[in-house]
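Report on the structure given below.
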Amino acid sequence: MAKTDQNTRQTAAKSAPDVINESPRNTPVVQTCDVCVLGGSCTGVFAAVRAAQMGATVALVEKQNAFGGMATSALVNVWHKLESNRGKAQIIGGLTQLVIERLKKIDAVSICGEHGFILNTDELKIELDRLVVENRITPYLHTFYAAAQMEGSSVKAVFIENKNGRQAIRAKVIVDATGDGDLAKDAGLPFQIRNGLQPPSTCAEISGLPPSINGLISKHRAEFSLAPDQGWGAPVPGAPGVTMCAYTHVFDTVASNATQLTAAEIEGRRQVRAYMDIARKYGGKDNKPCLRDVASSIGIRETRSFQANYTLTGKDVLSCRRFSNAIANGTYHIDIHDPDTGKFKFKEPEGDFYQIPLSTMVSDRARNIVLAGRMISADRSAFGAIRVMVNLNQVGEAAGTAAALAAADDKPVSEVDAASVRNHLAKLGAVII
Ligand SMILES: Cc1cc2nc3c(=O)[nH]c(=O)nc-3n(C[C@H](O)[C@H](O)[C@H](O)COP(=O)(O)OP(=O)(O)OC[C@H]3O[C@@H](n4cnc5c(N)ncnc54)[C@H](O)[C@@H]3O)c2cc1C
């Protein structure tokens, strides 16, 4: 054998991935239902609730121990306002409003000036449990969506894993509310991971911080190995002296990559310790910082962005474009956290409010998948605006409604009549314009 051939073979042998061929197995079907929602953030729970209210049988799969997604597991506690910018008309209602009203009754929400609401997100967890139980949704907590069985462009079943092992759920329609679009990726829907992703942050609830903490962090960051950065904090309703802190970012992270996500969790918690140490050393003797809670999951802003039948653009948002198939209204500005410096860059919509059309959530390439959450089809600028929860809550409600209609009529989700979705949402209490 020629030496070069031998070298090539040796190199190939060395670089061949180490794999194990698993034996084929029979996987028990744990449930057959009309709609299965993967991911139980507010988006996912609201999708499940609306599907159930439309008469569908619904399964809801969540990998954490509680519902709420970023709002609960990452401690993100601000919901923006429900009124339009100029006319001050109510443009958001539905389940967002219902949850706010329920939380108000137990003093678990405070009004944050013009901006919106600050929530006690532990109380939110319990409120979301209540919604799931009241609407007879079958919940699967501590349960990971692992894979899909496809037939052409249809998902026949999803495989889930939990303490009971690997099981399958058969559903007519699947709502992918995993944030990352884990099912949509497996189903082959086109997506991109943009250059300059908005970086994630680890949030924490801390008491006894000095009021000057932001200034202290920028002054002493180098001593504690923190990069130049920008962050924010918010009070926690009903917990005087406790701040929800989002002061840092973990740069250079693609959070849909498991290795990078692991490293980011550890780095994010290190950053929290670093600014606690700054507060201990430089915060003055009257302040005794105490770490009350560190987020059980790093706060993820952006990963995969999918291509659906329509891609919402920054121009649509800034010009406050109206869509005949609109299912959500929003006012939150374009807010992009710089991938290198963490600095927030804002652009204000030049009108009363913008809209999100149903076509950003469905694709002709996927017969029975509805996208719901931050992965819907939007360019970088539009994403910067639509990514907040009051917007995605409405996307969830529309996803559940559209999924239930597609399941009932046995038709592709992209052929569901947007007017019908809008009518049903309006009847269910959403503000449809
Ligand atoms: C630090 C930070 C601050 C922010 N500040 C604000 C703010 O002030 N106000 C605001 O409105 N928005 C804010 N945002 C943005 C907002 O929180 C998110 O864009 C929004 O919550 C995304 O919602 P989602 O439903 O798409 O995803 P997520 O909330 O991430 O929900 C996805 C859900 O799916 C589950 N999941 C994922 N993969 C799987 C799987 N394979 N199997 C089972 N379950 C799975 C997750 O556990 C999670 O519950 C902030 C974000 C961050 C990170």
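Starting from 1 in every chain, residues are counted up; chains themselves are A, B, ... following the order of the structure tokens, and ligands are numbered from 1 as listed.
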
Got a sec: who's within 12 Å of Lys281 (chain A), counting only C-alpha atoms, leaving out chain neighbours fewer than 4 positions off, as a list of chain:residue names?
-> A:Leu209, A:Pro210, A:Ile213, A:Leu216, A:Ile217, A:His220, A:Glu223, A:Phe224, A:Ala274, A:Tyr275, A:Met276, A:Asp277, A:Lys285, A:Asp286, A:Asn287, A:Lys288, A:Pro289

Which of region 19-240 of chain A counts as strand (DSSP E or B) under DSSP, as an MDAnalysis selection string please?
-> chainID A and resid 29:38 41 58:61 68 78:80 83 90 109:112 116:119 138:140 144:151 154:162 165:176 191:193 201 204:207 232:235

Per-residue DSSP, region 81-232 of chain A, filtered to helix (DSSP H, G or I), as a compact mmCIF listing (two decimals) with C-alpha atoms, in the first residue's frame:
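Final output, saved to out.txt:
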```
# COMPACT_ATOMS: atom_id res chain seq x y z
CA GLY A 94 -56.67 37.05 26.94
CA LEU A 95 -54.68 34.81 29.25
CA THR A 96 -52.04 37.47 29.92
CA GLN A 97 -54.69 39.67 31.46
CA LEU A 98 -56.34 36.75 33.27
CA VAL A 99 -53.04 35.74 34.93
CA ILE A 100 -52.26 39.34 35.91
CA GLU A 101 -55.70 39.69 37.50
CA ARG A 102 -55.30 36.44 39.42
CA LEU A 103 -51.82 37.47 40.65
CA LYS A 104 -53.11 40.91 41.66
CA LYS A 105 -55.58 39.26 44.04
CA THR A 121 -42.64 34.44 39.43
CA ASP A 122 -42.88 31.76 42.13
CA GLU A 123 -46.55 32.65 42.47
CA LEU A 124 -46.75 32.57 38.66
CA LYS A 125 -45.56 28.94 38.76
CA ILE A 126 -48.52 28.01 40.96
CA GLU A 127 -50.95 30.00 38.79
CA LEU A 128 -49.77 28.14 35.68
CA ASP A 129 -50.25 24.80 37.50
CA ARG A 130 -53.82 25.89 38.24
CA LEU A 131 -54.50 26.74 34.59
CA VAL A 132 -53.20 23.35 33.48
CA VAL A 133 -55.33 21.47 36.01
CA GLU A 134 -58.48 23.56 35.44
CA ASP A 182 -36.14 21.26 19.04
CA LEU A 183 -38.94 19.43 17.19
CA ALA A 184 -38.94 21.79 14.21
CA LYS A 185 -35.20 21.16 13.79
CA ASP A 186 -35.70 17.37 13.91
CA ILE A 213 -24.36 48.12 42.63
CA ASN A 214 -24.36 48.84 38.87
CA GLY A 215 -21.67 51.52 39.30
CA LEU A 216 -19.65 49.29 41.64
CA ILE A 217 -19.72 46.45 39.11
CA SER A 218 -18.40 48.67 36.31
CA LYS A 219 -15.70 50.14 38.58
CA HIS A 220 -14.39 46.85 40.01
CA ARG A 221 -15.28 44.35 37.29
CA ALA A 222 -11.69 43.69 36.17
CA GLU A 223 -10.64 42.63 39.68
CA PHE A 224 -13.41 39.99 39.62
```

Please identify every polymer residue within 7 Å of ligand 1, using only C-alpha atoms and all ligand atoms, and present the set as number ranges by chain.
-> A: 38-44, 61-64, 67-71, 76-80, 143-146, 177-180, 182, 200-203, 246, 299-301, 372-375, 387-390, 392

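With only C-alpha atoms as the atoms that count, the residue of A:Val413, A:Ala385, A:Met54, A:Leu119 with the shortest distance to Asn329 (chain A) is A:Ala385.
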
Tell me which protein, DNA and RNA residues are within 9 Å of region 400-411 of chain A, counting only C-alpha atoms, leaving out same-chain ones fewer than 2 positions away, and put them as an NGL selection string.
-> :A and (34-35 or 37 or 44 or 46-57 or 171-175 or 358 or 367-370 or 372 or 395-398 or 413-418 or 420-422 or 424-425)

For the residues in that selection, give me N, CA and C atoms as a compact mmCIF listing (two decimals), in the first residue's frame.
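This went into part25.txt:
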```txt
# COMPACT_ATOMS: atom_id res chain seq x y z
N ASP A 34 -55.17 14.98 20.65
CA ASP A 34 -55.32 15.87 19.49
C ASP A 34 -54.09 16.77 19.35
N VAL A 35 -53.70 17.40 20.45
CA VAL A 35 -52.61 18.39 20.40
C VAL A 35 -51.59 18.07 21.49
N VAL A 37 -48.25 19.79 23.18
CA VAL A 37 -47.44 21.01 23.26
C VAL A 37 -46.11 20.63 23.89
N GLY A 44 -46.19 28.03 26.01
CA GLY A 44 -46.65 26.65 25.86
C GLY A 44 -47.91 26.38 26.66
N PHE A 46 -50.14 28.58 27.60
CA PHE A 46 -51.27 29.29 27.00
C PHE A 46 -51.73 28.59 25.71
N ALA A 47 -50.80 28.00 24.99
CA ALA A 47 -51.19 27.22 23.80
C ALA A 47 -52.03 26.02 24.23
N ALA A 48 -51.57 25.34 25.26
CA ALA A 48 -52.28 24.14 25.73
C ALA A 48 -53.68 24.52 26.23
N VAL A 49 -53.78 25.63 26.97
CA VAL A 49 -55.08 26.05 27.52
C VAL A 49 -56.05 26.36 26.38
N ARG A 50 -55.58 27.12 25.40
CA ARG A 50 -56.49 27.49 24.31
C ARG A 50 -56.91 26.25 23.51
N ALA A 51 -55.96 25.33 23.27
CA ALA A 51 -56.33 24.11 22.53
C ALA A 51 -57.39 23.34 23.32
N ALA A 52 -57.20 23.23 24.64
CA ALA A 52 -58.17 22.50 25.47
C ALA A 52 -59.52 23.21 25.44
N GLN A 53 -59.50 24.53 25.51
CA GLN A 53 -60.77 25.27 25.50
C GLN A 53 -61.49 25.15 24.17
N MET A 54 -60.74 24.81 23.13
CA MET A 54 -61.36 24.59 21.81
C MET A 54 -61.90 23.15 21.71
N GLY A 55 -61.75 22.37 22.77
CA GLY A 55 -62.29 21.00 22.77
C GLY A 55 -61.28 19.92 22.46
N ALA A 56 -60.01 20.28 22.31
CA ALA A 56 -59.00 19.27 21.98
C ALA A 56 -58.52 18.56 23.24
N THR A 57 -58.09 17.31 23.08
CA THR A 57 -57.38 16.64 24.17
C THR A 57 -55.91 17.03 24.05
N ALA A 171 -49.93 12.46 18.47
CA ALA A 171 -50.82 13.63 18.46
C ALA A 171 -51.09 14.02 17.02
N LYS A 172 -52.27 14.58 16.78
CA LYS A 172 -52.59 15.03 15.42
C LYS A 172 -51.76 16.26 15.06
N VAL A 173 -51.59 17.13 16.04
CA VAL A 173 -50.82 18.37 15.79
C VAL A 173 -49.89 18.60 16.98
N ILE A 174 -48.69 19.10 16.68
CA ILE A 174 -47.72 19.38 17.74
C ILE A 174 -47.44 20.89 17.73
N VAL A 175 -47.49 21.49 18.90
CA VAL A 175 -47.04 22.88 19.05
C VAL A 175 -45.62 22.82 19.59
N LEU A 358 -50.13 35.15 11.78
CA LEU A 358 -50.12 33.68 11.97
C LEU A 358 -49.09 33.00 11.06
N ARG A 367 -46.60 19.74 7.97
CA ARG A 367 -48.06 19.59 7.95
C ARG A 367 -48.69 19.84 9.32
N ASN A 368 -48.03 19.33 10.37
CA ASN A 368 -48.73 19.39 11.67
C ASN A 368 -47.86 19.94 12.81
N ILE A 369 -47.00 20.93 12.47
CA ILE A 369 -46.22 21.60 13.52
C ILE A 369 -46.58 23.08 13.52
N VAL A 370 -46.93 23.60 14.69
CA VAL A 370 -47.10 25.05 14.84
C VAL A 370 -45.96 25.55 15.72
N ALA A 372 -44.32 28.17 18.25
CA ALA A 372 -44.82 29.16 19.22
C ALA A 372 -43.67 29.54 20.14
N VAL A 395 -48.87 34.70 21.03
CA VAL A 395 -48.48 33.71 20.01
C VAL A 395 -48.88 32.31 20.48
N GLY A 396 -48.67 32.05 21.77
CA GLY A 396 -49.05 30.75 22.33
C GLY A 396 -50.55 30.52 22.21
N GLU A 397 -51.32 31.52 22.59
CA GLU A 397 -52.79 31.36 22.51
C GLU A 397 -53.22 31.05 21.07
N ALA A 398 -52.61 31.76 20.13
CA ALA A 398 -52.97 31.54 18.72
C ALA A 398 -52.51 30.16 18.25
N VAL A 413 -51.63 22.60 9.10
CA VAL A 413 -51.76 23.82 9.92
C VAL A 413 -51.64 25.08 9.06
N SER A 414 -50.90 24.98 7.96
CA SER A 414 -50.74 26.18 7.13
C SER A 414 -52.01 26.50 6.35
N GLU A 415 -52.97 25.55 6.33
CA GLU A 415 -54.24 25.81 5.64
C GLU A 415 -55.36 26.21 6.59
N VAL A 416 -55.04 26.32 7.86
CA VAL A 416 -56.07 26.77 8.81
C VAL A 416 -56.39 28.23 8.49
N ASP A 417 -57.69 28.52 8.47
CA ASP A 417 -58.15 29.86 8.10
C ASP A 417 -57.82 30.84 9.24
N ALA A 418 -56.99 31.84 8.91
CA ALA A 418 -56.57 32.80 9.94
C ALA A 418 -57.78 33.54 10.51
N SER A 420 -60.66 32.37 11.05
CA SER A 420 -61.30 31.51 12.04
C SER A 420 -60.51 31.54 13.36
N VAL A 421 -59.18 31.50 13.25
CA VAL A 421 -58.34 31.59 14.46
C VAL A 421 -58.63 32.90 15.17
N ARG A 422 -58.68 33.98 14.43
CA ARG A 422 -58.92 35.31 15.02
C ARG A 422 -60.31 35.36 15.69
N HIS A 424 -62.09 32.83 16.90
CA HIS A 424 -62.08 32.03 18.13
C HIS A 424 -61.32 32.75 19.24
N LEU A 425 -60.17 33.34 18.90
CA LEU A 425 -59.39 34.05 19.93
C LEU A 425 -60.19 35.20 20.51
```

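Shortest separation to Glu348 (chain A) among A:Leu318, A:Leu226, A:Ala187, A:Ile336 occurs at residue A:Leu318, atoms counted being only C-alpha atoms.
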
Kindly give the distance, in Å, that separates CA of Gln149 (chain A) and CA of Asp364 (chain A), rounded to a single decimal.
-> 18.6 Å

All residues 9 Å or closer to Arg86 (chain A), only C-alpha atoms, same chain fewer than 5 positions away omitted, as a PyMOL selection string | chain A and resi 351-353

Give me a file of those residues, with C-alpha atoms, as a JSON list (two decimals), in the first residue's frame.
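Heads up, here's the output in part-v2.json:
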```
[["chain", "number", "residue", "atom", "x", "y", "z"],
["A", 351, "GLY", "CA", -46.81, 54.17, 15.56],
["A", 352, "ASP", "CA", -49.36, 52.90, 18.03],
["A", 353, "PHE", "CA", -48.53, 49.16, 17.92]]
```

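Among A:Ala326, A:Val236, A:Ser153, A:Ala419, the residue with the shortest atom-to-atom distance to Gly188 (chain A), counting only C-alpha atoms, is A:Ser153.
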
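Nearest-residue note for Phe251 (chain A): choosing from A:Ala239, A:Cys290, A:Leu197, A:Val158, the minimum distance belongs to A:Leu197, counting only C-alpha atoms.
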
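The neighbours of Met361 (chain A) here are the residues that come within 8 Å of it, using only C-alpha atoms and leaving out any residue fewer than 6 positions away in the same chain; they are Ala308, Asn309, Val370, Leu371, Ala372, Ile376, Ser377 and Ala399 of chain A.
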
Could you save those same residues with C-alpha atoms as an mmCIF file, in the first residue's frame?
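Result file is result.cif:
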```
data_model
loop_
_atom_site.group_PDB
_atom_site.id
_atom_site.type_symbol
_atom_site.label_atom_id
_atom_site.label_comp_id
_atom_site.auth_asym_id
_atom_site.auth_seq_id
_atom_site.Cartn_x
_atom_site.Cartn_y
_atom_site.Cartn_z
ATOM 1 C CA ALA A 308 -42.036 29.890 8.185
ATOM 2 C CA ASN A 309 -44.436 31.096 5.500
ATOM 3 C CA VAL A 370 -47.099 25.047 14.843
ATOM 4 C CA LEU A 371 -44.184 27.183 16.038
ATOM 5 C CA ALA A 372 -44.821 29.159 19.225
ATOM 6 C CA ILE A 376 -40.934 32.052 15.083
ATOM 7 C CA SER A 377 -39.991 33.503 11.724
ATOM 8 C CA ALA A 399 -50.817 28.412 18.314
#
```

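When CA of Pro240 (chain A) is paired with CA of Ala279 (chain A), their separation reads 18.3 Å.
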
One residue among A:Ser212, A:Gln192, A:Gln31, A:Ser359 is nearest to Arg170 (chain A) when using only C-alpha atoms, and that residue is A:Gln31

Long-range neighbours of Asp335 (chain A) as a list in words, 10 Å cut-off, only C-alpha atoms, 4 positions minimum in chain | Gln198, Lys343, Phe344, Lys345, Phe346, Lys347, Glu348, Ser381, Ala382, Phe383, Gly384, Ala385, Ile386, Arg387 and Val388 of chain A

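Every protein or nucleic acid residue with an atom no more than 10 Å from Cys245 (chain A), counting only C-alpha atoms and leaving out same-chain residues fewer than 4 positions away, appears here: Leu75, Val76, Ser201, Thr202, Cys203, Ala204, Glu205, Ile206, Gly231, Trp232, Gly233, Ala234, Pro235, Val272 and Val294 of chain A.
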
Let's have the selection written as an mmCIF file, in the first residue's frame, with C-alpha atoms.
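What follows is the written file selection17.cif:
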```cif
data_model
loop_
_atom_site.group_PDB
_atom_site.id
_atom_site.type_symbol
_atom_site.label_atom_id
_atom_site.label_comp_id
_atom_site.auth_asym_id
_atom_site.auth_seq_id
_atom_site.Cartn_x
_atom_site.Cartn_y
_atom_site.Cartn_z
ATOM 1 C CA LEU A 75 -36.529 34.421 37.158
ATOM 2 C CA VAL A 76 -37.397 36.956 34.386
ATOM 3 C CA SER A 201 -27.735 36.009 31.277
ATOM 4 C CA THR A 202 -27.947 34.192 34.590
ATOM 5 C CA CYS A 203 -30.433 35.965 36.846
ATOM 6 C CA ALA A 204 -30.521 35.907 40.627
ATOM 7 C CA GLU A 205 -32.653 37.275 43.447
ATOM 8 C CA ILE A 206 -30.459 39.016 45.992
ATOM 9 C CA GLY A 231 -27.423 44.900 32.918
ATOM 10 C CA TRP A 232 -30.562 45.690 34.840
ATOM 11 C CA GLY A 233 -32.388 44.842 38.047
ATOM 12 C CA ALA A 234 -36.026 44.897 39.187
ATOM 13 C CA PRO A 235 -37.765 44.650 42.561
ATOM 14 C CA VAL A 272 -23.329 36.167 40.131
ATOM 15 C CA VAL A 294 -30.111 31.786 41.583
#
```

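One distance worth recording is that between CA of Thr360 (chain A) and CA of Phe306 (chain A), which is 8.9 Å.
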
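With only C-alpha atoms as the atoms that count, the residue of A:Ser73, A:Ser296, A:Ser363, A:Thr303 with the shortest distance to Gly181 (chain A) is A:Thr303.
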